[in-house]
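Notes to accompany the following structure.
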Amino acid sequence: MAVEFESESRKLLGRLRDVMAEDAAGQTRLDKIVQLIATSMSTEVCSIYLFRDTETLELCATEGLEAEAVHQTRMRLGEGLVGRVAKSKRQINTADAPNERGFRYMPETGEERYSSFCGIPIQRLGEALGVLVVQSKAARQFTPDEVYALEVVAMVIAEMTELGAFVGEGAALSARHQQPVMIRGLIGQEGAVEGHVFLHEPRVTVTNPVSDDPVAEQARMTDAIERLRVSVDDLLENSQAVDAEQKQVFESYRMFANSRSWLRRMEADIANGLTAEAAVEKEQSLARTRMGQATDPYLRERLHDLDDLSNRLLRILTGQGQETGAEMPEDPVLVARNIGPGELLEYGKRIRGIVLEEGSVGSHATIVARAWAIPLVIRAGKITTEALNGDPILVDGDQGIVHLRPDDVVQNAFRDKIAMKARAQERYSSIREQPAKALCGSVVGLHMNAGLMADLPSLGSSGAEGVGLFRTELQFLIRNQMPRRGELSALYSRVMDAAQGKRVAFRTLDIGSDKVLPYMKPNDEPNPALGWRAIRVGLDKPGVLRMQVQALIRAAAGRPLTVMFPFVAQMEEFRAARCEFEKALEREKVLGHPMPETVEVGAMLETPSLGFAPDVFYDEVDFLSIGGNDLKQFFFAADRENERVRRRYDTLNVSFLRFLRQVIDRCEAHNTPLSFCGEDAGRPVEALCLAAMGFRALSMRPASIGPVKHLILRCNLDEVRTVIEEAAARGDQSVRAAVVAYLADVGWAT
């Protein structure tokens with residue numbers, strides 16, 4: 001019986017292929033499909049619901065329900081049984097639909113006559129496109145064979161939808177990948193850019209999902225699986241050069257590539273009429289759906305591995321390799337699900353902007369994007385399924401918004417915004433050589449953050465007085481093995497050469513938390529931001545710290561050297577790190593290497609605890625740099641990777657400013673130089689308030705120096721300090737509103 005049913009299923013898919021090949025309007029195709037399915041399944045009703053927008057399903061074709069309801073009946077995501085199937089991406093198979101939880105009666109459809117209901121999600125690679133429904137008067141549940149056949153048909157309908165088979169007069173459906181789309185994400189790096197999409201991983205397209213020769217398709221699958229297994233074995237053989245984590249991924253690949261259950265499911269799909277690549281994509285869609293619903297991190301990772309392996313198999317079957325022949329446009333905006341720092345650096349500064357479907361505010365890609373001052377939007381949902389190579393795209397990093405294939409109105413408004421920014425930059429260039437001297441006479445030193453050699457040309461063009469933070473970890477993150485001391489020494493020497501005598505503060509290796517070295521075994525920590533990271537790693541692995549400071553000493557070669565240790569939480573950590581530095585100095589001296597002309601050894605204050613360190617600490621440390629991003633996170637107990645809380649707390653909160661003022665007072669009492677480093681230093685209003693509170697050195701991304709200097713030049717810091725103190729005395733939670741009002745009163749727009 002099962003063999004006979006599979007034969008019928010194959011016949012149905014063959015008829016569906018014929019419908020696809022017909023030169024017919026989209027609505028005609030839809031109508032024929034529901035008729036075919038109802039006849040084949042021996043049901044009174046077959047209906048197809050497709051998404052009108054992200055929240056609304058529309059009845060687009062039916063056999064058995066009232067014809068007048070087509071394109072009239074709509075329901076919200078999660079509404080009724082159809083809405084439940086679409087939201088959960090899971091089937092509903094019931095013999096008594098009216099009494100099923102969530103049932104909603106649609107009087108215009110006439111469906112009250114039907115008891116049985118089977119709804120199957122129409123989805124492609126985890127993206128819900130609609131719902132396929134069959135109903136019958138007899139109260140019965142559909143058999144597993146029948147449900148399976150409907151899943152295969154739903155997969156074909158998904159591919160037909162993707163290929164635009166249902167677009168046309170009467171269908172009331174828009175062609176996919178042609179309409180304007182706005183996607184809201186999160187701000188990774190500010191800025192605005194217009195360009196064209198360049199996909200990091202071009203999507204594999206399955207153009208013919210239905211086969212009439214299962215034997216030939218099985219042979220193609222067998223051959224492709226064998227080639228896949230050989231390629232995975234080759235990866236493992238060469239895995240001596242990679243880290244343990246990558247090797248574990250390759251082992252997962254091997255496990256899935258040799259999984260009999262995975263292969264059997266795809267063979268069954270082929271036997272029921274799918275092509276080999278369509279069978280792979282059907283299993284991949286189910287895996288992506290499970291991945292989106294999985295809460296266990298280990299399961300999510302393994303499903304992610306299966307997804308990657310499926311892509312490899314699809315590329316073997318279709319011949320659509322990583323290099324698809326698509327030329328990079330002149331104004332490329334890189335679109336990817338996620339990307340590592342090494343891959344991003346390979347693209348170089350040709351990239352105008354970056355849009356990631358995943359990513360985080362502290363990820364490696366974000367660090368590189370900030371270093372290059374390239375607009376970046378992260379967590380842009382479905383961007384990789386919506387975008388095609390060459391699509392026009394607008395990236396608004398200031399708002400965390402992406403406009404894909406924008407209409408003329410949006411495009412013109414966006415171009416006006418870019419033009420205004422360009423005029424502002426011209427205005428800033430005229431003050432490049434001026435010191436940031438406020439109307440009250442106070443001078444604020446403006447420095448830049450850097451982490452790559454490519455950043456250093458900005459030192460002169462931005463007007464920065466020096467490098468307040470050079471992130472040394474980027475050179476470790478982009479490699480597959482630990483860099484050698486000689487390589488680091490040569491790099492640091494080139495950095496000092498490029499600085500042309502300006503001060504460069506080198507921060508020692510800041511790894512851990514969200515920065516895991518590719519060749520270092522990750523620690524499974526429940527809260528990595530509070531775990532084994534930065535100076536804690538350096539003190540526990542003194543060989544790495546020692547090697548790095550030796551490289552810095554050799555790079556100085558008689559020039560001034562400034563080094564600071566990250567994430568120091570208590571005085572003894574600084575003392576221990578400085579002791580390692582002193583030992584390295586002594587050893588280099590014994591070896592006959594030239595000593596630095598001068599040495600500054602400082603610490604980053606990123607934990608509130610260091611603000612309460614003993615007075616002797618402020619005497620011993622040569623300088624302090626407040627790491628604003630981490631300090632704010634720990635001060636407010638708000639994870640900066642968690643969008644629900646990270647924006648809840650304002651930098652200009654009175655409590656936070658009072659803590660900063662306390663640190664300023666202690667530094668002034670001990671003549672300890674102090675600076676503020678982080679995103680907030682590069683935001684004009686925040687920077688103005690920090691300067692008014694007493695900071696005389698700020699470090700930020702190069703592009704922020706002009707706007708910050710422009711505002712400081714036009715303000716009296718004493719007046720701003722008075723505004724802050726008055727707001728605090730009134731009991732304001734934040735001084736932002738008061739400062740913005742003051743700036744408006746004196747005629748300086750923010």
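Residues are named by chain letter and number: chains run A, B, ... in the order of the structure tokens, numbers start at 1 in each chain, and ligands are numbered from 1 in the order shown.
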Once DSSP has gone over the backbone, tell me which residues of stretch 90-138 of chain A are in strand (DSSP E), as a list in words. Ile92, Asn93, Thr94, Ser116, Phe117, Cys118, Gly119, Ile120, Pro121, Ile122, Gln123, Arg124, Glu127, Ala128, Leu129, Gly130, Val131, Leu132, Val133, Val134, Gln135 and Ser136 of chain A
Listing only residues of stretch 340-381 of chain A within 12 Å of stretch 438-454 of chain A, what is the closest atom pair and its distance in Å (to one decimal) for each, using only C-alpha atoms, sorted by chain and residue number ascending, as CSV?
```
residue,atom,partner,partner_atom,distance
A:Pro341,CA,A:Leu452,CA,11.5
A:Leu345,CA,A:Leu452,CA,10.0
A:Gly348,CA,A:Ala454,CA,9.2
A:Lys349,CA,A:Ala454,CA,8.7
A:His364,CA,A:Gly451,CA,11.3
A:Ile367,CA,A:Gly451,CA,8.5
A:Val368,CA,A:Gly451,CA,8.0
A:Ala369,CA,A:Gly451,CA,10.9
A:Arg370,CA,A:Ala450,CA,8.9
A:Ala371,CA,A:Ala450,CA,6.0
A:Trp372,CA,A:Ala454,CA,7.7
A:Ala373,CA,A:Ala450,CA,10.6
```
Using only C-alpha atoms, determine which residues lie at most 8 Å from A:Gln72, disregarding the query and same-chain residues fewer than 3 positions distant; provide the list as a ChimeraX atom specification. /A:58-59,68-69
Export N, CA and C atoms of the chosen residues as a PDB file, in the first residue's frame?
```
ATOM      1  N   GLU A  58      -3.116  35.029   3.453  1.00  0.00           N
ATOM      2  CA  GLU A  58      -4.266  35.229   2.580  1.00  0.00           C
ATOM      3  C   GLU A  58      -4.610  33.926   1.867  1.00  0.00           C
ATOM      4  N   LEU A  59      -5.902  33.610   1.805  1.00  0.00           N
ATOM      5  CA  LEU A  59      -6.356  32.458   1.032  1.00  0.00           C
ATOM      6  C   LEU A  59      -6.173  32.793  -0.443  1.00  0.00           C
ATOM      7  N   GLU A  68     -15.634  32.686  -3.633  1.00  0.00           N
ATOM      8  CA  GLU A  68     -15.642  34.123  -3.346  1.00  0.00           C
ATOM      9  C   GLU A  68     -14.671  34.495  -2.220  1.00  0.00           C
ATOM     10  N   ALA A  69     -14.273  33.505  -1.435  1.00  0.00           N
ATOM     11  CA  ALA A  69     -13.383  33.789  -0.299  1.00  0.00           C
ATOM     12  C   ALA A  69     -11.931  33.976  -0.723  1.00  0.00           C
TER      13      ALA A  69
END
```
Would you mind listing what lies within 9 Å of stretch 701-714 of chain A as a ChimeraX atom specification, with only C-alpha atoms counted and same-chain residues fewer than 6 positions away left out? /A:370-373,424-425,427-429,431-432,434-439,444,446-450,455,458-459,461-464,678-679,681-685,687-688,691,748,750
Saved selection, atoms kept: C-alpha atoms, as a JSON list (two decimals), in the first residue's frame:
```
[["chain", "number", "residue", "atom", "x", "y", "z"],
["A", 370, "ARG", "CA", 34.38, 50.36, 13.49],
["A", 371, "ALA", "CA", 38.10, 50.43, 12.75],
["A", 372, "TRP", "CA", 37.30, 51.08, 9.09],
["A", 373, "ALA", "CA", 34.40, 53.47, 9.90],
["A", 424, "ALA", "CA", 29.38, 68.40, 7.69],
["A", 425, "GLN", "CA", 32.63, 66.49, 7.08],
["A", 427, "ARG", "CA", 33.12, 71.73, 7.73],
["A", 428, "TYR", "CA", 35.03, 69.51, 10.15],
["A", 429, "SER", "CA", 38.07, 69.37, 7.84],
["A", 431, "ILE", "CA", 39.08, 72.69, 12.01],
["A", 432, "ARG", "CA", 41.29, 69.61, 11.68],
["A", 434, "GLN", "CA", 42.83, 73.33, 15.66],
["A", 435, "PRO", "CA", 43.03, 72.09, 19.25],
["A", 436, "ALA", "CA", 39.67, 71.26, 20.85],
["A", 437, "LYS", "CA", 39.65, 74.43, 22.95],
["A", 438, "ALA", "CA", 36.30, 75.32, 24.55],
["A", 439, "LEU", "CA", 35.09, 78.90, 24.97],
["A", 444, "VAL", "CA", 40.47, 68.54, 25.48],
["A", 446, "LEU", "CA", 41.08, 64.05, 21.15],
["A", 447, "HIS", "CA", 42.66, 60.72, 20.29],
["A", 448, "MET", "CA", 41.62, 57.85, 18.03],
["A", 449, "ASN", "CA", 41.08, 54.14, 18.57],
["A", 450, "ALA", "CA", 42.78, 51.71, 16.19],
["A", 455, "ASP", "CA", 43.56, 52.58, 10.56],
["A", 458, "SER", "CA", 43.31, 58.31, 9.67],
["A", 459, "LEU", "CA", 45.67, 59.64, 12.34],
["A", 461, "SER", "CA", 43.32, 63.14, 8.27],
["A", 462, "SER", "CA", 41.07, 62.97, 11.34],
["A", 463, "GLY", "CA", 42.97, 65.52, 13.39],
["A", 464, "ALA", "CA", 43.66, 63.01, 16.17],
["A", 678, "GLY", "CA", 34.75, 54.05, 24.08],
["A", 679, "GLU", "CA", 31.69, 54.63, 21.93],
["A", 681, "ALA", "CA", 33.56, 59.41, 23.76],
["A", 682, "GLY", "CA", 32.68, 59.70, 20.06],
["A", 683, "ARG", "CA", 29.12, 60.94, 20.58],
["A", 684, "PRO", "CA", 29.14, 64.75, 20.64],
["A", 685, "VAL", "CA", 26.66, 65.34, 23.49],
["A", 687, "ALA", "CA", 31.73, 63.82, 24.85],
["A", 688, "LEU", "CA", 30.78, 67.39, 25.78],
["A", 691, "ALA", "CA", 34.73, 67.09, 29.11],
["A", 748, "TRP", "CA", 23.94, 74.76, 18.80],
["A", 750, "THR", "CA", 22.95, 68.38, 18.29]]
```
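The list of residues with at least one atom within 8 Å of stretch 328-333 of chain A, based on only C-alpha atoms and without residues fewer than 2 positions apart in the same chain, reads Glu194, Gly195, His196, Val197, Phe198, Ala326, Val335, Arg350, Ile351, Arg352, Gly353, Ile354, Val355, Gly390 and Ile393 of chain A.
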Using only C-alpha atoms, which residues sit within 10 Å of A:Arg10 once same-chain residues fewer than 6 positions away are excluded, as a ChimeraX atom specification? /A:4,16,149,152-153,210-212,214,269-274
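Closest to A:Asn642 among A:Phe612, A:Leu30, A:Ser360, A:Glu386 is A:Ser360, based on only C-alpha atoms.
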